[in-house]
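Content type mmCIF, C-alpha atoms, from the file work38.cif:
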```
data_upload
loop_
_atom_site.group_PDB
_atom_site.id
_atom_site.type_symbol
_atom_site.label_atom_id
_atom_site.label_comp_id
_atom_site.auth_asym_id
_atom_site.auth_seq_id
_atom_site.Cartn_x
_atom_site.Cartn_y
_atom_site.Cartn_z
ATOM 1 C CA MET T 1170 -155.810 -75.652 -8.424
ATOM 2 C CA PHE T 1171 -152.834 -74.643 -10.571
ATOM 3 C CA ILE T 1172 -154.949 -74.721 -13.740
ATOM 4 C CA ARG T 1173 -157.593 -72.462 -12.193
ATOM 5 C CA TRP T 1174 -154.902 -70.018 -11.011
ATOM 6 C CA SER T 1175 -153.195 -70.083 -14.429
ATOM 7 C CA ALA T 1176 -156.484 -69.445 -16.195
ATOM 8 C CA SER T 1177 -157.199 -66.477 -13.904
ATOM 9 C CA VAL T 1178 -153.769 -64.967 -14.529
ATOM 10 C CA LEU T 1179 -154.073 -65.505 -18.284
ATOM 11 C CA LEU T 1180 -157.503 -63.844 -18.329
ATOM 12 C CA ALA T 1181 -156.233 -60.857 -16.333
ATOM 13 C CA LEU T 1182 -153.232 -60.413 -18.638
ATOM 14 C CA SER T 1183 -155.422 -60.689 -21.729
ATOM 15 C CA LEU T 1184 -157.831 -58.046 -20.489
ATOM 16 C CA THR T 1185 -155.065 -55.608 -19.560
ATOM 17 C CA ALA T 1186 -153.444 -56.138 -22.956
ATOM 18 C CA CYS T 1187 -156.577 -54.710 -24.603
ATOM 19 C CA SER T 1188 -155.947 -51.346 -22.967
ATOM 20 C CA VAL T 1189 -152.451 -51.255 -24.442
ATOM 21 C CA LEU T 1190 -153.922 -51.337 -27.948
ATOM 22 C CA GLN T 1191 -156.294 -48.443 -27.297
ATOM 23 C CA GLY T 1192 -154.917 -44.962 -26.784
ATOM 24 C CA THR T 1193 -156.282 -42.397 -24.391
ATOM 25 C CA PRO T 1194 -158.756 -40.168 -26.262
ATOM 26 C CA GLN T 1195 -157.017 -37.111 -27.660
ATOM 27 C CA PRO T 1196 -158.235 -34.300 -29.879
ATOM 28 C CA PRO T 1197 -157.389 -34.493 -33.574
ATOM 29 C CA PRO T 1198 -154.757 -32.131 -34.975
ATOM 30 C CA PRO T 1199 -155.889 -28.757 -36.317
ATOM 31 C CA VAL T 1200 -157.695 -28.959 -39.658
ATOM 32 C CA SER T 1201 -155.473 -28.177 -42.634
ATOM 33 C CA ASP T 1202 -156.083 -27.732 -46.357
ATOM 34 C CA HIS T 1203 -155.629 -31.465 -46.990
ATOM 35 C CA PRO T 1204 -156.902 -34.662 -45.297
ATOM 36 C CA GLN T 1205 -154.742 -35.960 -42.471
ATOM 37 C CA GLN T 1206 -154.370 -39.537 -41.303
ATOM 38 C CA ILE T 1207 -155.218 -39.892 -37.614
ATOM 39 C CA GLN T 1208 -155.609 -42.741 -35.139
ATOM 40 C CA ARG T 1209 -158.919 -44.087 -33.864
ATOM 41 C CA TYR T 1210 -158.424 -42.523 -30.424
ATOM 42 C CA GLN T 1211 -158.370 -39.069 -32.083
ATOM 43 C CA THR T 1212 -161.866 -39.315 -33.607
ATOM 44 C CA GLN T 1213 -163.860 -38.053 -30.630
ATOM 45 C CA GLY T 1214 -166.012 -35.095 -31.681
ATOM 46 C CA LEU T 1215 -165.556 -35.705 -35.414
ATOM 47 C CA GLN T 1216 -168.394 -36.466 -37.827
ATOM 48 C CA ARG T 1217 -168.096 -39.757 -39.723
ATOM 49 C CA ILE T 1218 -168.851 -39.018 -43.372
ATOM 50 C CA GLY T 1219 -168.245 -42.412 -44.911
ATOM 51 C CA SER T 1220 -165.695 -45.039 -45.722
ATOM 52 C CA ALA T 1221 -163.279 -45.773 -48.522
ATOM 53 C CA SER T 1222 -161.899 -49.034 -49.819
ATOM 54 C CA VAL T 1223 -159.295 -49.749 -52.490
ATOM 55 C CA ILE T 1224 -157.466 -52.719 -53.944
ATOM 56 C CA VAL T 1225 -154.134 -51.803 -55.521
ATOM 57 C CA ARG T 1226 -151.053 -53.512 -56.874
ATOM 58 C CA GLY T 1227 -147.687 -52.469 -55.505
ATOM 59 C CA ALA T 1228 -146.707 -51.640 -51.946
ATOM 60 C CA PRO T 1229 -148.802 -50.898 -48.848
ATOM 61 C CA SER T 1230 -147.959 -47.216 -49.302
ATOM 62 C CA ASP T 1231 -149.642 -47.287 -52.734
ATOM 63 C CA GLY T 1232 -152.888 -48.301 -51.032
ATOM 64 C CA GLU T 1233 -152.479 -45.545 -48.456
ATOM 65 C CA ALA T 1234 -151.949 -43.013 -51.258
ATOM 66 C CA ALA T 1235 -155.121 -44.225 -52.996
ATOM 67 C CA ILE T 1236 -157.068 -43.817 -49.741
ATOM 68 C CA TYR T 1237 -155.664 -40.292 -49.370
ATOM 69 C CA ASN T 1238 -156.931 -39.459 -52.881
ATOM 70 C CA LYS T 1239 -160.387 -40.806 -52.003
ATOM 71 C CA ALA T 1240 -160.394 -38.704 -48.822
ATOM 72 C CA VAL T 1241 -159.556 -35.610 -50.905
ATOM 73 C CA ALA T 1242 -162.380 -36.412 -53.339
ATOM 74 C CA ALA T 1243 -164.856 -36.877 -50.461
ATOM 75 C CA GLY T 1244 -163.882 -33.590 -48.815
ATOM 76 C CA ALA T 1245 -162.731 -35.316 -45.627
ATOM 77 C CA ASP T 1246 -160.645 -33.480 -43.049
ATOM 78 C CA PHE T 1247 -159.314 -36.698 -41.505
ATOM 79 C CA TYR T 1248 -159.204 -40.436 -42.195
ATOM 80 C CA VAL T 1249 -158.371 -43.540 -40.185
ATOM 81 C CA ILE T 1250 -156.929 -46.542 -42.006
ATOM 82 C CA VAL T 1251 -158.603 -49.528 -40.385
ATOM 83 C CA MET T 1252 -157.110 -52.238 -42.592
ATOM 84 C CA ASN T 1253 -154.088 -52.505 -44.867
ATOM 85 C CA ASP T 1254 -153.701 -56.157 -45.769
ATOM 86 C CA GLU T 1255 -152.135 -58.124 -48.581
ATOM 87 C CA THR T 1256 -154.635 -60.237 -50.507
ATOM 88 C CA VAL T 1257 -154.003 -63.817 -51.598
ATOM 89 C CA VAL T 1258 -152.440 -62.349 -54.747
ATOM 90 C CA PRO T 1259 -148.848 -61.330 -53.941
ATOM 91 C CA GLY T 1260 -148.301 -57.595 -54.287
ATOM 92 C CA GLN T 1261 -152.019 -56.776 -54.212
ATOM 93 C CA TRP T 1262 -153.226 -54.761 -51.202
ATOM 94 C CA HIS T 1263 -156.721 -54.197 -49.825
ATOM 95 C CA VAL T 1264 -156.985 -50.994 -47.778
ATOM 96 C CA GLN T 1265 -160.040 -49.691 -45.928
ATOM 97 C CA ALA T 1266 -160.475 -46.380 -44.128
ATOM 98 C CA THR T 1267 -163.109 -44.372 -42.306
ATOM 99 C CA LEU T 1268 -163.485 -40.741 -43.374
ATOM 100 C CA TYR T 1269 -164.221 -37.900 -40.944
ATOM 101 C CA ARG T 1270 -165.051 -34.225 -41.057
ATOM 102 C CA ASP T 1271 -164.647 -31.679 -38.272
ATOM 103 C CA PRO T 1272 -168.195 -30.352 -37.705
ATOM 104 C CA GLY T 1273 -166.827 -26.912 -36.799
ATOM 105 C CA HIS T 1274 -164.747 -26.605 -39.960
ATOM 106 C CA VAL T 1275 -165.936 -24.568 -42.925
ATOM 107 C CA PRO T 1276 -164.479 -26.149 -46.106
ATOM 108 C CA PHE T 1277 -162.191 -24.094 -48.286
ATOM 109 C CA SER T 1278 -163.791 -22.842 -51.481
#
```

Just give me the structure as structure tokens.
Amino acid sequence: MFIRWSASVLLALSLTACSVLQGTPQPPPPVSDHPQQIQRYQTQGLQRIGSASVIVRGAPSDGEAAIYNKAVAAGADFYVIVMNDETVVPGQWHVQATLYRDPGHVPFS
């Protein structure tokens, strides 16, 4: 009986913990003249234009800077970093991001 009750409580806590990791959908910030990093819950209404992936040596921020440069090159308005993880080689980082464009935005010329 106790095991069944414990399993039920553990399942309920696990399922409610998932909602903590997901934010309430919010609009992205206004488009600017450079790509902006946003969170996944801010992507509603945006057009996914691709993805970017880099492997860099240095710090995690070096990988984020490389992703920013790829977002600039792709003409993205926003990007979401979905992974920033150290590889098996110390000091080497693998970063992946999804690139987005605001469909109502006319790019600067």

Could you tell me which residues the PyMOL selection byres ((chain T and resi 1255-1268) around 7) returns for this structure, as a compact mmCIF listing (two decimals) with C-alpha atoms, keeping the file's coordinate frame?
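Saved the output as selection_37.txt:
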```txt
# COMPACT_ATOMS: atom_id res chain seq x y z
CA ARG T 1217 -168.10 -39.76 -39.72
CA ILE T 1218 -168.85 -39.02 -43.37
CA GLY T 1219 -168.24 -42.41 -44.91
CA SER T 1220 -165.70 -45.04 -45.72
CA ALA T 1221 -163.28 -45.77 -48.52
CA SER T 1222 -161.90 -49.03 -49.82
CA VAL T 1223 -159.29 -49.75 -52.49
CA ILE T 1224 -157.47 -52.72 -53.94
CA VAL T 1225 -154.13 -51.80 -55.52
CA ARG T 1226 -151.05 -53.51 -56.87
CA GLY T 1227 -147.69 -52.47 -55.50
CA ALA T 1228 -146.71 -51.64 -51.95
CA PRO T 1229 -148.80 -50.90 -48.85
CA GLY T 1232 -152.89 -48.30 -51.03
CA ALA T 1240 -160.39 -38.70 -48.82
CA ALA T 1245 -162.73 -35.32 -45.63
CA PHE T 1247 -159.31 -36.70 -41.50
CA TYR T 1248 -159.20 -40.44 -42.20
CA VAL T 1249 -158.37 -43.54 -40.18
CA ILE T 1250 -156.93 -46.54 -42.01
CA VAL T 1251 -158.60 -49.53 -40.38
CA MET T 1252 -157.11 -52.24 -42.59
CA ASN T 1253 -154.09 -52.50 -44.87
CA ASP T 1254 -153.70 -56.16 -45.77
CA TYR T 1269 -164.22 -37.90 -40.94
```

- Message: Take the PyMOL selection byres ((chain T and resi 1191-1204) around 10), run it mentally on this structure, and tell me the resulting residues as a ChimeraX atom specification.
- Response: /T:1186-1190,1205-1215,1237-1248,1268-1271,1273-1277

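CA of Ile1236 in chain T to CA of Pro1272 in chain T spans 21.2 Å [interatomic distance, one decimal].
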